[in-house]
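J.: Below: one structure in structure tokens.
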Amino acid sequence: MGTLKDRLNDDLHTAMKARDELTTATLRMALAAVRNAEVAGTEARALTDDEVLAVLAKESKKRREAATAFADANRPEQAAKERSEGEVIERYLPKQLTDDEIAALVRDALAAGGFAGKAQMGPAMKAAQAAVAGRAEGGRVAAEVRRQLGV
């Protein structure tokens with residue numbers, strides 16, 4: 001199938017041919033973010049699919065936060081545009097876990113590591129994030145870890 005970046009490029013070309021302005025603009029922004037990540041640091045390098053997914057997740061989060069900010073500022077048309085862009089980006093992200101699935105994964109990770117109490121929050125988060133593996137936002141995972149640790 002190729003890499004995720006190749007898929008983004010192919011979908012960009014398809015969107016351009018179909019004259020789909022929203023998808024074209026969103027994929028251009030996403031690919032620009034990927035290219036910026038590739039040249040960040042001391043030398044340019046190609047990103048792995050997991051690293052591209054991380055960049056796309058960050059872009060998706062930016063869109064969600066911007067949509068919320070525009071909605072709060074009484075700018076519904078801008079909020080709708082940001083939500084639409086977020087939906088385009090989310091096509092490339094893995095399916096997000098439900099709250100029940102997060103709770104089960106966190107419970108298993110905490111039991112496996114024997115974590116308990118506020119002092120264990122850091123190591124518990126590390127174990128929980130490893131179990132979730134990018135399929136849920138860090139804030140949702142942290143909230144569940146706090147709830148289960150009783151912090």
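Just remember, in the structure tokens the first chain shown is A, the second B, etc., residues are 1-based per chain, and ligands are 1-based in the order shown.
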Neighbours of range 76-87 of chain A within 12 Å (only C-alpha atoms; same-chain residues fewer than 4 positions away dropped), as a compact mmCIF listing (two decimals) with C-alpha atoms, in the first residue's frame?
T.:
```txt
# COMPACT_ATOMS: atom_id res chain seq x y z
CA GLU A 21 -11.29 22.62 -2.03
CA LEU A 22 -11.74 21.64 1.64
CA THR A 23 -9.91 18.32 1.31
CA THR A 24 -7.21 19.86 -0.90
CA ALA A 25 -6.50 22.69 1.55
CA THR A 26 -6.58 20.38 4.58
CA LEU A 27 -4.25 17.79 3.05
CA ARG A 28 -1.86 20.54 1.94
CA MET A 29 -1.71 21.82 5.53
CA ALA A 30 -1.22 18.28 6.86
CA LEU A 56 -1.64 14.16 12.10
CA ALA A 57 -2.94 13.64 15.64
CA LYS A 58 -1.40 16.98 16.65
CA GLU A 59 -3.02 18.68 13.64
CA SER A 60 -6.37 17.11 14.48
CA LYS A 61 -6.11 18.37 18.05
CA LYS A 62 -5.31 21.87 16.75
CA ARG A 63 -8.48 21.78 14.65
CA ARG A 64 -10.62 20.66 17.60
CA GLU A 65 -9.20 23.39 19.84
CA ALA A 66 -9.60 26.04 17.15
CA ALA A 67 -13.21 24.98 16.54
CA THR A 68 -13.93 25.31 20.26
CA ALA A 69 -12.26 28.74 20.39
CA PHE A 70 -14.22 29.98 17.35
CA ALA A 71 -17.48 28.62 18.77
CA ASP A 72 -16.78 30.38 22.08
CA ARG A 91 -9.82 9.76 8.20
CA TYR A 92 -6.12 8.94 8.46
CA LEU A 93 -6.01 8.38 12.23
```
J.: So, with only C-alpha atoms as the atoms that count, which of A:Met125, A:Ala15, A:Leu4, A:Val106 lies closest to Leu47 in chain A?
T.: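 Among A:Met125, A:Ala15, A:Leu4, A:Val106, it is A:Leu4 that comes nearest to Leu47 in chain A.
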J.: Please indicate the distance in Å from CA of Gly117 in chain A to CA of Val141 in chain A, rounded to one decimal place.
T.: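 It comes out at 16.3 Å.
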